[in-house]
file target_34.pdb (PDB, C-alpha atoms)
ATOM      1  CA  MET A   1       0.000   0.000   0.000
ATOM      2  CA  MET A   2       2.793   2.347   0.981
ATOM      3  CA  LYS A   3       4.803   1.447  -2.114
ATOM      4  CA  ARG A   4       1.843   2.184  -4.400
ATOM      5  CA  PHE A   5       1.357   5.545  -2.763
ATOM      6  CA  LEU A   6       5.053   6.328  -3.180
ATOM      7  CA  VAL A   7       5.030   5.360  -6.875
ATOM      8  CA  LEU A   8       1.902   7.417  -7.465
ATOM      9  CA  THR A   9       3.475  10.421  -5.769
ATOM     10  CA  ILE A  10       6.624  10.141  -7.879
ATOM     11  CA  ILE A  11       4.568   9.876 -11.088
ATOM     12  CA  CYS A  12       2.511  12.915 -10.132
ATOM     13  CA  MET A  13       5.659  14.924  -9.443
ATOM     14  CA  ALA A  14       7.277  13.854 -12.697
ATOM     15  CA  ILE A  15       4.366  14.726 -15.006
ATOM     16  CA  PRO A  16       4.825  18.521 -14.891
ATOM     17  CA  GLY A  17       8.502  18.087 -15.627
ATOM     18  CA  LEU A  18       7.762  16.001 -18.675
ATOM     19  CA  ALA A  19       5.276  18.467 -20.066
ATOM     20  CA  GLN A  20       6.551  20.952 -22.608
ATOM     21  CA  ASP A  21       6.254  24.378 -21.116
ATOM     22  CA  ALA A  22       6.934  27.260 -23.433
ATOM     23  CA  LYS A  23       6.596  29.849 -20.679
ATOM     24  CA  LEU A  24       9.873  31.510 -19.809
ATOM     25  CA  ASN A  25      10.845  32.652 -16.376
ATOM     26  CA  LEU A  26      11.503  36.381 -16.716
ATOM     27  CA  VAL A  27      11.627  37.199 -13.023
ATOM     28  CA  ASN A  28      15.366  37.789 -13.043
ATOM     29  CA  LEU A  29      14.839  40.736 -15.412
ATOM     30  CA  GLU A  30      12.771  42.625 -12.881
ATOM     31  CA  LYS A  31      15.910  44.278 -11.543
ATOM     32  CA  LEU A  32      16.348  46.085 -14.867
ATOM     33  CA  THR A  33      13.155  48.026 -14.282
ATOM     34  CA  SER A  34      14.931  50.491 -12.010
ATOM     35  CA  LYS A  35      17.680  51.106 -14.554
ATOM     36  CA  ALA A  36      15.428  51.476 -17.566
ATOM     37  CA  THR A  37      14.006  54.799 -18.667
ATOM     38  CA  ASN A  38      11.044  53.177 -20.308
ATOM     39  CA  VAL A  39       9.584  49.756 -19.594
ATOM     40  CA  THR A  40       6.861  47.984 -21.498
ATOM     41  CA  ASP A  41       5.634  45.006 -19.563
ATOM     42  CA  VAL A  42       2.752  42.921 -20.828
ATOM     43  CA  SER A  43       1.862  39.765 -18.986
ATOM     44  CA  LEU A  44      -1.346  38.089 -20.034
ATOM     45  CA  ASP A  45      -2.260  34.529 -19.144
ATOM     46  CA  GLY A  46      -4.932  32.364 -20.778
ATOM     47  CA  PRO A  47      -8.029  33.736 -19.009
ATOM     48  CA  MET A  48      -6.861  37.313 -19.528
ATOM     49  CA  LEU A  49      -6.304  36.637 -23.212
ATOM     50  CA  LYS A  50      -9.789  35.187 -23.515
ATOM     51  CA  LEU A  51     -11.175  38.291 -21.815
ATOM     52  CA  ALA A  52      -9.203  40.487 -24.206
ATOM     53  CA  ALA A  53     -10.374  38.454 -27.192
ATOM     54  CA  GLN A  54     -14.004  38.892 -26.156
ATOM     55  CA  ALA A  55     -13.537  42.626 -25.835
ATOM     56  CA  MET A  56     -11.909  43.131 -29.222
ATOM     57  CA  ASP A  57     -13.603  45.485 -31.619
ATOM     58  CA  GLN A  58     -14.675  43.419 -34.605
ATOM     59  CA  THR A  59     -14.827  46.461 -36.859
ATOM     60  CA  ASP A  60     -11.166  47.273 -36.277
ATOM     61  CA  LYS A  61      -8.909  45.310 -38.600
ATOM     62  CA  GLU A  62      -5.975  45.056 -36.213
ATOM     63  CA  GLU A  63      -8.117  44.066 -33.258
ATOM     64  CA  ARG A  64      -9.904  41.443 -35.339
ATOM     65  CA  ALA A  65      -6.568  39.970 -36.358
ATOM     66  CA  THR A  66      -5.365  40.102 -32.761
ATOM     67  CA  LYS A  67      -8.489  38.292 -31.613
ATOM     68  CA  ASP A  68      -7.862  35.500 -34.106
ATOM     69  CA  LEU A  69      -4.352  35.150 -32.790
ATOM     70  CA  ILE A  70      -4.887  35.276 -29.073
ATOM     71  CA  SER A  71      -8.090  33.281 -28.737
ATOM     72  CA  ASN A  72      -6.304  29.956 -28.340
ATOM     73  CA  LEU A  73      -3.133  31.153 -26.663
ATOM     74  CA  ALA A  74      -2.170  30.235 -23.121
ATOM     75  CA  GLY A  75      -0.018  33.266 -22.448
ATOM     76  CA  VAL A  76       1.619  36.343 -23.919
ATOM     77  CA  TYR A  77       4.540  37.921 -22.119
ATOM     78  CA  VAL A  78       6.402  40.909 -23.502
ATOM     79  CA  LYS A  79       9.102  42.899 -21.812
ATOM     80  CA  VAL A  80      10.849  45.855 -23.410
ATOM     81  CA  PHE A  81      13.475  47.718 -21.432
ATOM     82  CA  GLU A  82      14.744  50.968 -22.921
ATOM     83  CA  PHE A  83      17.829  52.613 -21.450
ATOM     84  CA  ASP A  84      19.374  56.038 -21.901
ATOM     85  CA  LYS A  85      22.914  54.641 -21.706
ATOM     86  CA  ASP A  86      24.661  51.653 -23.203
ATOM     87  CA  ASN A  87      25.338  48.434 -21.312
ATOM     88  CA  GLN A  88      22.764  48.831 -18.597
ATOM     89  CA  TYR A  89      22.023  45.149 -18.687
ATOM     90  CA  SER A  90      24.580  42.411 -18.398
ATOM     91  CA  ALA A  91      25.305  39.463 -20.658
ATOM     92  CA  GLN A  92      24.207  37.269 -17.760
ATOM     93  CA  ASP A  93      20.734  38.791 -17.895
ATOM     94  CA  VAL A  94      20.395  37.746 -21.524
ATOM     95  CA  GLU A  95      22.102  34.442 -20.889
ATOM     96  CA  SER A  96      19.591  33.519 -18.208
ATOM     97  CA  ILE A  97      16.858  33.747 -20.832
ATOM     98  CA  ARG A  98      18.930  32.058 -23.493
ATOM     99  CA  ALA A  99      19.659  29.155 -21.152
ATOM    100  CA  GLN A 100      15.954  28.485 -20.776
ATOM    101  CA  LEU A 101      15.639  28.441 -24.559
ATOM    102  CA  GLN A 102      18.203  25.686 -24.752
ATOM    103  CA  GLY A 103      15.727  23.416 -23.004
ATOM    104  CA  PRO A 104      13.835  20.554 -24.641
ATOM    105  CA  GLY A 105      11.389  21.479 -27.354
ATOM    106  CA  TRP A 106      12.947  24.811 -28.262
ATOM    107  CA  SER A 107      14.792  25.348 -31.498
ATOM    108  CA  ARG A 108      16.447  28.521 -32.702
ATOM    109  CA  THR A 109      14.963  29.590 -36.009
ATOM    110  CA  VAL A 110      16.696  32.922 -36.488
ATOM    111  CA  ASN A 111      19.925  34.211 -35.019
ATOM    112  CA  ILE A 112      21.300  37.494 -36.266
ATOM    113  CA  ARG A 113      24.300  39.256 -34.803
ATOM    114  CA  GLU A 114      25.192  42.661 -36.120
ATOM    115  CA  GLU A 115      28.803  43.501 -35.389
ATOM    116  CA  LYS A 116      28.492  47.207 -36.093
ATOM    117  CA  THR A 117      25.522  47.929 -33.921
ATOM    118  CA  HIS A 118      26.105  45.127 -31.409
ATOM    119  CA  GLU A 119      22.601  43.913 -31.897
ATOM    120  CA  THR A 120      21.488  40.363 -31.422
ATOM    121  CA  THR A 121      18.175  39.066 -32.662
ATOM    122  CA  GLU A 122      17.075  35.541 -31.935
ATOM    123  CA  VAL A 123      13.815  33.805 -32.681
ATOM    124  CA  TYR A 124      13.039  30.501 -31.005
ATOM    125  CA  LEU A 125      10.152  28.197 -31.733
ATOM    126  CA  MET A 126       8.763  25.316 -29.766
ATOM    127  CA  LYS A 127       7.102  22.835 -32.043
ATOM    128  CA  ALA A 128       4.246  20.609 -30.987
ATOM    129  CA  ARG A 129       5.078  17.065 -29.921
ATOM    130  CA  ASP A 130       3.553  15.691 -33.089
ATOM    131  CA  GLY A 131       5.743  18.086 -35.058
ATOM    132  CA  ASP A 132       2.778  19.852 -36.558
ATOM    133  CA  GLY A 133       2.416  23.457 -35.552
ATOM    134  CA  VAL A 134       4.095  25.789 -33.139
ATOM    135  CA  VAL A 135       3.195  25.834 -29.446
ATOM    136  CA  GLY A 136       5.722  28.363 -28.247
ATOM    137  CA  LEU A 137       7.549  31.403 -29.547
ATOM    138  CA  ALA A 138      10.329  33.475 -28.071
ATOM    139  CA  VAL A 139      11.945  36.545 -29.568
ATOM    140  CA  LEU A 140      15.046  37.916 -27.923
ATOM    141  CA  VAL A 141      16.367  41.223 -29.220
ATOM    142  CA  ALA A 142      19.367  42.665 -27.429
ATOM    143  CA  GLU A 143      20.475  46.131 -28.476
ATOM    144  CA  PRO A 144      22.903  48.367 -26.606
ATOM    145  CA  ARG A 145      20.081  50.514 -25.269
ATOM    146  CA  GLU A 146      17.155  48.174 -25.534
ATOM    147  CA  LEU A 147      16.336  44.670 -24.463
ATOM    148  CA  THR A 148      13.210  42.995 -25.791
ATOM    149  CA  ILE A 149      11.848  39.625 -24.814
ATOM    150  CA  VAL A 150       8.683  38.257 -26.322
ATOM    151  CA  ASN A 151       7.279  34.962 -25.157
ATOM    152  CA  ILE A 152       4.099  33.492 -26.573
ATOM    153  CA  VAL A 153       2.700  30.288 -25.133
ATOM    154  CA  GLY A 154       0.147  28.177 -26.955
ATOM    155  CA  PRO A 155      -0.706  27.193 -30.514
ATOM    156  CA  ILE A 156       0.485  29.985 -32.778
ATOM    157  CA  ASP A 157      -0.502  30.627 -36.364
ATOM    158  CA  MET A 158       2.716  32.167 -37.664
ATOM    159  CA  THR A 159       1.080  33.441 -40.848
ATOM    160  CA  LYS A 160      -1.511  35.356 -38.860
ATOM    161  CA  LEU A 161       1.132  36.703 -36.534
ATOM    162  CA  GLY A 162       3.161  37.987 -39.432
ATOM    163  CA  ALA A 163       0.050  39.448 -41.001
ATOM    164  CA  LEU A 164      -0.223  41.895 -38.137
ATOM    165  CA  GLY A 165       2.890  43.618 -39.378
ATOM    166  CA  SER A 166       4.102  44.779 -42.741
ATOM    167  CA  LEU A 167       5.525  41.529 -44.046
ATOM    168  CA  GLY A 168       2.319  39.544 -43.925
ATOM    169  CA  VAL A 169       3.412  36.302 -45.550
ATOM    170  CA  VAL A 170       7.045  36.264 -44.597
ATOM    171  CA  MET A 171       6.952  33.006 -42.659
ATOM    172  CA  PRO A 172       6.080  30.690 -45.563
ATOM    173  CA  GLN A 173       8.767  32.424 -47.648
ATOM    174  CA  LEU A 174      11.278  31.791 -44.899
ATOM    175  CA  LYS A 175      10.535  28.106 -44.966
ATOM    176  CA  LYS A 176      11.057  27.930 -48.704
ATOM    177  CA  ARG A 177      14.314  29.865 -48.617
ATOM    178  CA  GLU A 178      15.919  28.143 -45.678
ATOM    179  CA  PRO A 179      19.089  27.012 -47.536
ATOM    180  CA  GLU A 180      19.885  30.553 -48.717
ATOM    181  CA  LYS A 181      19.858  31.933 -45.218
ATOM    182  CA  ALA A 182      22.936  30.006 -44.208
ATOM    183  CA  ALA A 183      25.118  32.382 -46.225
ATOM    184  CA  PRO A 184      26.410  35.110 -43.912
ATOM    185  CA  ALA A 185      26.064  38.692 -45.049
ATOM    186  CA  ALA A 186      28.711  41.380 -44.833
ATOM    187  CA  GLY A 187      28.910  42.794 -41.312
ATOM    188  CA  LYS A 188      26.487  40.226 -39.989
ATOM    189  CA  LYS A 189      26.673  36.751 -38.637
ATOM    190  CA  GLN A 190      23.650  34.663 -39.254
ATOM    191  CA  GLU A 191      22.727  31.282 -38.021
ATOM    192  CA  GLU A 192      19.794  29.162 -38.926
TER     193      GLU A 192
ATOM    194  CA  MET B 193     -88.022 100.179  16.187
ATOM    195  CA  HIS B 194     -87.417 102.938  18.668
ATOM    196  CA  PHE B 195     -85.572 102.697  21.938
ATOM    197  CA  SER B 196     -86.110 105.056  24.670
ATOM    198  CA  ASP B 197     -83.384 106.177  27.007
ATOM    199  CA  ASP B 198     -84.821 103.979  29.710
ATOM    200  CA  ASP B 199     -84.649 100.929  27.519
ATOM    201  CA  LEU B 200     -80.986 101.534  26.757
ATOM    202  CA  ARG B 201     -80.162 102.245  30.342
ATOM    203  CA  SER B 202     -81.757  99.004  31.517
ATOM    204  CA  ALA B 203     -80.067  97.016  28.749
ATOM    205  CA  LEU B 204     -76.581  98.349  29.321
ATOM    206  CA  GLY B 205     -76.833  98.648  33.032
ATOM    207  CA  ARG B 206     -74.757  96.498  35.408
ATOM    208  CA  LYS B 207     -76.287  93.170  36.260
ATOM    209  CA  GLU B 208     -75.181  91.081  39.152
ATOM    210  CA  PRO B 209     -74.486  87.390  38.414
ATOM    211  CA  SER B 210     -76.692  84.817  39.927
ATOM    212  CA  ALA B 211     -75.670  83.311  43.227
ATOM    213  CA  ASP B 212     -74.673  79.926  41.779
ATOM    214  CA  PHE B 213     -72.613  81.402  38.909
ATOM    215  CA  THR B 214     -69.210  80.909  40.602
ATOM    216  CA  GLY B 215     -70.100  77.377  41.561
ATOM    217  CA  ARG B 216     -71.051  76.459  38.006
ATOM    218  CA  VAL B 217     -67.851  77.911  36.576
ATOM    219  CA  MET B 218     -65.668  76.045  39.069
ATOM    220  CA  ALA B 219     -67.543  72.819  38.384
ATOM    221  CA  SER B 220     -66.989  73.233  34.666
ATOM    222  CA  ILE B 221     -63.261  73.766  35.196
ATOM    223  CA  ASN B 222     -62.816  70.742  37.435
ATOM    224  CA  LYS B 223     -64.804  68.441  35.176
ATOM    225  CA  PRO B 224     -62.452  65.807  33.488
ATOM    226  CA  GLN B 225     -62.163  66.261  29.744
ATOM    227  CA  SER B 226     -63.213  63.476  27.389
ATOM    228  CA  SER B 227     -60.870  62.207  24.588
ATOM    229  CA  GLU B 228     -63.030  63.790  21.922
ATOM    230  CA  ASP B 229     -62.700  67.127  23.663
ATOM    231  CA  ARG B 230     -58.914  66.737  23.751
ATOM    232  CA  LEU B 231     -58.689  65.802  20.022
ATOM    233  CA  GLY B 232     -60.782  68.749  19.226
ATOM    234  CA  ALA B 233     -58.587  70.977  21.305
ATOM    235  CA  VAL B 234     -55.120  69.820  20.064
ATOM    236  CA  PRO B 235     -55.023  68.546  16.472
ATOM    237  CA  VAL B 236     -52.668  65.544  16.132
ATOM    238  CA  VAL B 237     -50.193  65.812  13.194
ATOM    239  CA  ARG B 238     -49.712  62.322  11.664
ATOM    240  CA  VAL B 239     -46.056  62.213  10.502
ATOM    241  CA  TRP B 240     -46.023  59.907   7.473
ATOM    242  CA  TRP B 241     -42.380  58.899   7.756
ATOM    243  CA  ARG B 242     -42.934  57.514  11.192
ATOM    244  CA  SER B 243     -45.125  54.744   9.850
ATOM    245  CA  PRO B 244     -43.453  51.289   9.810
ATOM    246  CA  TRP B 245     -44.193  50.770   6.123
ATOM    247  CA  ALA B 246     -42.588  54.047   5.176
ATOM    248  CA  MET B 247     -39.536  53.213   7.257
ATOM    249  CA  ALA B 248     -39.235  49.773   5.662
ATOM    250  CA  SER B 249     -39.646  51.237   2.173
ATOM    251  CA  ALA B 250     -37.008  53.866   2.843
ATOM    252  CA  LEU B 251     -34.573  51.282   4.166
ATOM    253  CA  THR B 252     -35.202  49.024   1.161
ATOM    254  CA  ALA B 253     -34.672  51.941  -1.206
ATOM    255  CA  CYS B 254     -31.411  52.844   0.547
ATOM    256  CA  LEU B 255     -30.262  49.233   0.397
ATOM    257  CA  LEU B 256     -31.099  48.958  -3.302
ATOM    258  CA  LEU B 257     -29.288  52.219  -3.972
ATOM    259  CA  VAL B 258     -26.169  51.000  -2.189
ATOM    260  CA  ILE B 259     -26.273  47.641  -4.015
ATOM    261  CA  GLY B 260     -26.779  49.447  -7.305
ATOM    262  CA  LEU B 261     -23.870  51.772  -6.671
ATOM    263  CA  VAL B 262     -21.592  48.903  -5.691
ATOM    264  CA  GLN B 263     -22.588  46.921  -8.778
ATOM    265  CA  HIS B 264     -22.085  49.945 -11.006
ATOM    266  CA  HIS B 265     -18.640  50.486  -9.487
ATOM    267  CA  GLN B 266     -17.758  46.830 -10.038
ATOM    268  CA  TYR B 267     -19.045  46.997 -13.607
ATOM    269  CA  GLU B 268     -16.943  50.084 -14.298
ATOM    270  CA  GLN B 269     -13.888  48.412 -12.794
ATOM    271  CA  ARG B 270     -14.447  45.341 -14.986
ATOM    272  CA  GLU B 271     -14.855  47.564 -18.026
ATOM    273  CA  MET B 272     -11.622  49.390 -17.228
ATOM    274  CA  GLU B 273      -9.823  46.109 -16.645
ATOM    275  CA  THR B 274     -11.144  44.716 -19.930
ATOM    276  CA  LYS B 275     -10.069  47.822 -21.835
ATOM    277  CA  LYS B 276      -6.620  47.644 -20.246
ATOM    278  CA  VAL B 277      -6.246  43.964 -21.081
ATOM    279  CA  ARG B 278      -7.430  44.554 -24.642
ATOM    280  CA  ALA B 279      -4.940  47.383 -25.126
ATOM    281  CA  GLN B 280      -2.165  45.244 -23.650
ATOM    282  CA  ALA B 281      -3.003  42.348 -25.950
ATOM    283  CA  VAL B 282      -2.983  44.582 -29.017
ATOM    284  CA  LEU B 283       0.292  46.166 -27.938
ATOM    285  CA  ALA B 284       1.871  42.791 -27.247
ATOM    286  CA  MET B 285       0.857  41.390 -30.607
ATOM    287  CA  ARG B 286       1.990  44.552 -32.393
ATOM    288  CA  LEU B 287       5.391  44.432 -30.690
ATOM    289  CA  THR B 288       5.750  40.734 -31.384
ATOM    290  CA  SER B 289       4.855  41.152 -35.008
ATOM    291  CA  GLU B 290       7.220  44.099 -35.407
ATOM    292  CA  LYS B 291      10.170  42.359 -33.800
ATOM    293  CA  LEU B 292       9.469  39.149 -35.641
ATOM    294  CA  ASN B 293       9.147  40.872 -38.974
ATOM    295  CA  VAL B 294      12.356  42.831 -38.448
ATOM    296  CA  ALA B 295      14.170  39.615 -37.571
ATOM    297  CA  LEU B 296      12.735  37.747 -40.501
ATOM    298  CA  ARG B 297      13.435  40.625 -42.865
ATOM    299  CA  GLN B 298      17.051  40.613 -41.735
ATOM    300  CA  ALA B 299      17.220  36.872 -42.135
ATOM    301  CA  LEU B 300      15.638  36.855 -45.566
ATOM    302  CA  TYR B 301      17.147  39.945 -47.072
ATOM    303  CA  PRO B 302      20.408  40.561 -45.215
ATOM    304  CA  ARG B 303      22.049  42.679 -47.893
ATOM    305  CA  ARG B 304      19.043  44.933 -48.384
ATOM    306  CA  SER B 305      18.412  45.426 -44.687
ATOM    307  CA  ASN B 306      19.677  48.711 -43.325
ATOM    308  CA  HIS B 307      18.741  47.919 -39.766
TER     309      HIS B 307
END

call {"tool": "encode", "arguments": {"input": "target_34.pdb", "output": "structure tokens"}}
result
Amino acid sequence: MMKRFLVLTIICMAIPGLAQDAKLNLVNLEKLTSKATNVTDVSLDGPMLKLAAQAMDQTDKEERATKDLISNLAGVYVKVFEFDKDNQYSAQDVESIRAQLQGPGWSRTVNIREEKTHETTEVYLMKARDGDGVVGLAVLVAEPRELTIVNIVGPIDMTKLGALGSLGVVMPQLKKREPEKAAPAAGKKQEE
Amino acid sequence: MHFSDDDLRSALGRKEPSADFTGRVMASINKPQSSEDRLGAVPVVRVWWRSPWAMASALTACLLLVIGLVQHHQYEQREMETKKVRAQAVLAMRLTSEKLNVALRQALYPRRSNH
């Protein structure tokens, strides 16, 4: 009886660890708030996103598109820290996020390093277990005076997400042109 | 009709009260008053708000008003919260799309990108 209980307890404790969780822990970036001149912090979990989706104005094009995107999401977390001086955040701050993105399920889709401007742009995707679809997205943009972290949790329609901006159908193009992207450009290091 | 001086004099002349006059007056004063006499003497003002029904109605109205105000306040708070959440969601998606598009533009068209 005791053994069964012990086994059951161990299984229950192991299940959350096995589950793919696309949510990043951004708590360690809170300390940057005091240094930043401007902070944009959006933290919306599933119920909040559903509330937002219900409240969207159907006549507004952008809000309609946003509603389509967020309706099935489990979380949207965006942090943008803007500084008035260079190097207000440390490499460790970025590394703490990057380390989480090395975890199981995540794969780096875009990695751009600009030598001149010291900018780093990384896009990570977490694909669904069945390999069909994306269940997590992380964008990490590190500039000398700005640090941006975007984390989206839940099934994401990349085409719709891109459609919100200017390059509507960029994602399918990216998939088709994957081999070309391996070639590094002048002044930039790119990884795929 | 004509009055003579004698008639006027007798009419306006002093008359002594009867012997039992004082006794009758004192008896009238000492006589206990009936309730009808009292009501007739002092009119009772019926104050409508002192009635139990009026008090209950007023209390109910006050209670409903308070509940209404609380609910209105809660509704306004929910509306504000919803608006805030909606704005945050739009902002988040806009930022995500912008950053993603910039990254993808750089990845796709590295030579043309001036970023």

call {"tool": "residues_around", "arguments": {"input": "target_34.pdb", "residues": "A:Lys127", "least_positions_apart": "6", "cutoff": "10 Å", "atoms": "all atoms listed in the file", "output": "list in words"}}
result
Gln20, Ala22, Gly105, Trp106, Ser107, Gly133, Val134, Val135, Gly136, Leu137, Pro155 and Ile156 of chain A

call {"tool": "closest_residue", "arguments": {"input": "target_34.pdb", "among": "A:Thr66, A:Asn28, A:Asn72, A:Asn87", "to": "chain B", "atoms": "only C-alpha atoms"}}
result
A:Thr66

call {"tool": "closest_atom_pairs", "arguments": {"input": "target_34.pdb", "of": "chain B", "to": "chain A", "cutoff": "12 Å", "atoms": "only C-alpha atoms", "output": "tab-separated table"}}
result
residue	atom	partner	partner_atom	distance
B:Arg270	CA	A:Leu51	CA	10.3
B:Glu271	CA	A:Ala55	CA	9.3
B:Met272	CA	A:Ala55	CA	11.1
B:Glu273	CA	A:Ala52	CA	9.4
B:Thr274	CA	A:Ala52	CA	6.3
B:Lys275	CA	A:Ala55	CA	7.4
B:Lys276	CA	A:Ala52	CA	8.6
B:Val277	CA	A:Ala52	CA	5.5
B:Arg278	CA	A:Ala52	CA	4.5
B:Ala279	CA	A:Ala52	CA	8.2
B:Gln280	CA	A:Val42	CA	6.1
B:Ala281	CA	A:Ala52	CA	6.7
B:Val282	CA	A:Thr66	CA	6.3
B:Leu283	CA	A:Val42	CA	8.2
B:Ala284	CA	A:Val78	CA	6.2
B:Met285	CA	A:Thr66	CA	6.7
B:Arg286	CA	A:Leu164	CA	6.7
B:Leu287	CA	A:Val78	CA	8.1
B:Thr288	CA	A:Val150	CA	6.4
B:Ser289	CA	A:Gly165	CA	5.4
B:Glu290	CA	A:Gly165	CA	5.9
B:Lys291	CA	A:Val139	CA	7.4
B:Leu292	CA	A:Val139	CA	7.1
B:Asn293	CA	A:Leu167	CA	6.3
B:Val294	CA	A:Leu167	CA	8.9
B:Ala295	CA	A:Thr121	CA	6.4
B:Leu296	CA	A:Val170	CA	7.2
B:Arg297	CA	A:Val170	CA	7.9
B:Gln298	CA	A:Ile112	CA	7.6
B:Ala299	CA	A:Lys181	CA	6.4
B:Leu300	CA	A:Lys181	CA	6.5
B:Tyr301	CA	A:Lys181	CA	8.7
B:Pro302	CA	A:Ala185	CA	6.0
B:Arg303	CA	A:Ala185	CA	6.3
B:Arg304	CA	A:Ala185	CA	10.0
B:Ser305	CA	A:Ala185	CA	10.2
B:Asn306	CA	A:Glu114	CA	10.9
B:His307	CA	A:Thr117	CA	9.0

call {"tool": "write_last_selection", "arguments": {"input": "target_34.pdb", "atoms": "C-alpha atoms", "output": "CSV table (one decimal), in the coordinates of the input"}}
result
chain,number,residue,atom,x,y,z
B,270,ARG,CA,-14.4,45.3,-15.0
B,271,GLU,CA,-14.9,47.6,-18.0
B,272,MET,CA,-11.6,49.4,-17.2
B,273,GLU,CA,-9.8,46.1,-16.6
B,274,THR,CA,-11.1,44.7,-19.9
B,275,LYS,CA,-10.1,47.8,-21.8
B,276,LYS,CA,-6.6,47.6,-20.2
B,277,VAL,CA,-6.2,44.0,-21.1
B,278,ARG,CA,-7.4,44.6,-24.6
B,279,ALA,CA,-4.9,47.4,-25.1
B,280,GLN,CA,-2.2,45.2,-23.6
B,281,ALA,CA,-3.0,42.3,-26.0
B,282,VAL,CA,-3.0,44.6,-29.0
B,283,LEU,CA,0.3,46.2,-27.9
B,284,ALA,CA,1.9,42.8,-27.2
B,285,MET,CA,0.9,41.4,-30.6
B,286,ARG,CA,2.0,44.6,-32.4
B,287,LEU,CA,5.4,44.4,-30.7
B,288,THR,CA,5.8,40.7,-31.4
B,289,SER,CA,4.9,41.2,-35.0
B,290,GLU,CA,7.2,44.1,-35.4
B,291,LYS,CA,10.2,42.4,-33.8
B,292,LEU,CA,9.5,39.1,-35.6
B,293,ASN,CA,9.1,40.9,-39.0
B,294,VAL,CA,12.4,42.8,-38.4
B,295,ALA,CA,14.2,39.6,-37.6
B,296,LEU,CA,12.7,37.7,-40.5
B,297,ARG,CA,13.4,40.6,-42.9
B,298,GLN,CA,17.1,40.6,-41.7
B,299,ALA,CA,17.2,36.9,-42.1
B,300,LEU,CA,15.6,36.9,-45.6
B,301,TYR,CA,17.1,39.9,-47.1
B,302,PRO,CA,20.4,40.6,-45.2
B,303,ARG,CA,22.0,42.7,-47.9
B,304,ARG,CA,19.0,44.9,-48.4
B,305,SER,CA,18.4,45.4,-44.7
B,306,ASN,CA,19.7,48.7,-43.3
B,307,HIS,CA,18.7,47.9,-39.8

call {"tool": "atom_distance", "arguments": {"input": "target_34.pdb", "atom1": "atom CA of A:Lys116", "atom2": "atom CA of A:Thr33"}}
result
26.7 Å

call {"tool": "atom_distance", "arguments": {"input": "target_34.pdb", "atom1": "atom CA of A:Glu115", "atom2": "atom CA of A:Glu146"}}
result
16.0 Å

call {"tool": "residues_around", "arguments": {"input": "target_34.pdb", "residues": "A:Asn38", "least_positions_apart": "2", "cutoff": "7 Å", "atoms": "all atoms listed in the file", "output": "NGL selection string"}}
result
:A and (36 or 40 or 81-83)

call {"tool": "write_last_selection", "arguments": {"input": "target_34.pdb", "atoms": "C-alpha atoms", "output": "tab-separated table (two decimals), keeping the file's coordinate frame"}}
result
chain	number	residue	atom	x	y	z
A	36	ALA	CA	15.43	51.48	-17.57
A	40	THR	CA	6.86	47.98	-21.50
A	81	PHE	CA	13.48	47.72	-21.43
A	82	GLU	CA	14.74	50.97	-22.92
A	83	PHE	CA	17.83	52.61	-21.45

call {"tool": "atom_distance", "arguments": {"input": "target_34.pdb", "atom1": "atom CA of A:Asn25", "atom2": "atom CA of A:Ser96"}}
result
9.0 Å

call {"tool": "closest_residue", "arguments": {"input": "target_34.pdb", "among": "A:Ile97, A:Met126, A:His118, A:Thr59", "to": "A:Gly154", "atoms": "only C-alpha atoms"}}
result
A:Met126
